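Q: Quick one: the structure is below, and I'll ask about it shortly.
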Amino acid sequence: MSEAEIWQIEEDEGLITQAYPRRMAKRELKDGIIEVERLSKHYPPDLKAVDEISFTIKRGQIFSLLGPNGAGKTTAVEILEGLREPTSGSARIFGVDISHDYDKIRKRVGILPQNFEPFEMLRPLEALEYWAHLFNMKKSNKELLELIESVGLGGKKDAMGGKMSGGEKRKLGIAMSLINDPELLFLDEPTTGLDPKARRDLWALIQGIKKRGATVVLTTHYLDEAEKLSDDVAIMNKGRVIARGTPDQLIEQYGKETYIVLVGVGQTAVEELAKRGITSHRENGNVVVPVSNPRELRTMFAKLSSIQVEFKDMYTRRQTLEDVFLNLVGQKMDEGVLRA
Ligand code: ATP
């Protein structure tokens, strides 16, 4: 059977707007903007940088590839950005096979590469003018200034790229990636190395981009970032996707326990609890009691209240993606580095 018989192609002025298997209802495809199947990238002699990964990314969502340095995140997204050839497997974006037809969809995609650095001697407006020119796009100064405002760089529009802070540089990078008003935006580690305030600023910016209707593919090694921003997460390690789901699903599936935190008590409380057969440990100046089944919380609360331990406050804390990662990989991740 020929490609044409299998694929229904819809075009607008030579640009493929939609392509979907004839056997598949159009409605089904609407959700999946990226479909990755058993995608691999091998480097000689025997490195499987990406090893048979498969997933579907839904339109309008923030999808995170989360994993430590060297997990294969950048390799995977660079294949999806049309910058690297896979060794095997396939990927379709907007229904188009990216190995053959990337040029047909390139205009609908925006990219912020890893470690983006702006042109040192250009101000934001000049950088964007240059960028628009490279993309053969006509943009008025008003449009470009609006773009600068929209990423929160209004107050820095006269600053040279080389004189900007790390967070401002990334914002300018995001503005550049948005120049073609993309439906799909790849952000490769957009907050790596930034301070907490700059990271939060960028989180708000990324959420705003999603609100405007774009689909965002984010790579990150920050567990809190993935938990905060993502609709869907694929955790990668050693080239493979080792877990996949919404942050809630991952926590439910791979998180082990809920905790009751007793605030303002010390080691004597741990000992007191142990006498009553309750296991606990100290954490950040508090005492933490793990409860394996949330249904047992009520009973444990009752037990704790009846014991003579003077605590200032008591609250529950469920596991986070940080715990999920530890449970899955057996190591913590700190700035992308695995620690024992
Ligand atoms: P990081 O956050 O450090 O960029 P990552 O998860 O994005 O990590 P990749 O950059 O995709 O990981 O790298 C995956 C593996 O592939 C690493 O072991 C890396 O050294 C290797 N690799 C990447 N590019 C090449 C290349 N061109 N030739 C050989 N090996 C490569």
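We label chains A, B, ... in the order they appear in the structure tokens, count residues from 1 in each chain, and number ligands from 1 in the order shown.
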Enumerate as a VMD selection string the residues within 8 Å of ligand 1, counting only C-alpha atoms and all ligand atoms.
A: chain A and resid 43 to 44 47 to 50 67 to 76 114 189 219 to 221 236 to 239 336
Q: Compile the contact shell of Glu310 of chain A as a PyMOL selection string: residues with an atom at most 9 Å away, counting only C-alpha atoms, same-chain residues fewer than 6 positions apart removed.
A: chain A and resi 264-265+269
Q: Extract, using only C-alpha atoms, all DNA, RNA and protein residues at most 7 Å from segment 194-202 of chain A, discarding same-chain residues fewer than 3 positions from it, and format them as a PyMOL selection string.
A: chain A and resi 166-167+191+205-206
Q: Skipping near chain neighbours, those fewer than 3 positions away, what residues fall within 12 Å of Arg123 of chain A using only C-alpha atoms, listed as a list in words?
A: Pro118, Phe119, Glu120, Glu126, Ala127, Leu128, Glu129, Tyr130, Leu144, Leu145, Ile148, Leu153, Gly154, Gly155, Lys156, Lys157, Asp158, Ala159, Met160, Gly161, Gly162, Lys163, Met164, Glu168, Lys169 and Leu172 of chain A
Q: Find the residues near Val270 of chain A: any atom within 7 Å, counting only C-alpha atoms, skip ones fewer than 3 places away on the same chain, and give them as a list of chain:residue names.
A: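 Near neighbours after the sequence-gap exclusion: A:Gly266, A:Gln267, A:Leu273, A:Ala274, A:Ser280, A:His281, A:Val287.
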Q: Residues of segment 187-249 of chain A classed as helix (DSSP H, G or I) by DSSP on the backbone are to be reported as an MDAnalysis selection string.
A: chainID A and resid 196:211 223:229 247:249
Q: Determine which residues of segment 70-317 of chain A receive a DSSP assignment of strand (DSSP E), computed from the backbone, and state them as a PyMOL selection string.
A: chain A and resi 88-93+96-97+109-112+184-188+215-220+232-237+240-245+258-263+281-283+286-291+313-317
Q: Which one of A:Glu257, A:Glu322, A:Glu149, A:Asp313 sits closest to Val291 of chain A if you count only C-alpha atoms?
A: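 Closest residue, counting only C-alpha atoms: A:Glu257.
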Q: What separation in Å, quoted to one decimal, exists between atom CA of Ser40 of chain A and atom CA of Leu184 of chain A?
A: 21.9 Å
Q: Identify, on the basis of only C-alpha atoms, every residue whose closest approach to Asn180 of chain A does not exceed 10 Å; exclude the query and any residue fewer than 3 positions from it along the same chain; express the result as number ranges by chain.
A: A: 106-110, 131-132, 135, 137, 139, 175-177, 183
Q: Looking at A:Glu81, A:Gly277, A:Ser88, A:Ile251, which one is nearest to Ile53 of chain A, with distances taken over only C-alpha atoms?
A: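 Under the stated criterion, the closest residue is A:Ser88.
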Q: Counting only C-alpha atoms, what is within 6 Å of Phe186 of chain A, bar same-chain residues fewer than 4 positions away, as a compact mmCIF listing (two decimals) with C-alpha atoms, in the first residue's frame?
A:
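For reference, part.txt as written:
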# COMPACT_ATOMS: atom_id res chain seq x y z
CA ILE A 111 13.21 26.24 19.97
CA VAL A 216 5.44 23.09 25.42
CA VAL A 217 8.06 20.35 25.54
Q: Between A:Met300, A:Phe311, A:Glu271, A:Lys104, which is the closest to Gly285 of chain A once you count only C-alpha atoms?
A: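 The answer is A:Phe311, which sits nearest to Gly285 of chain A.
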Q: To one decimal place in Å, what is the distance between atom CA of Ala91 of chain A and atom CA of Glu335 of chain A?
A: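 Interatomic distance here is 29.4 Å.
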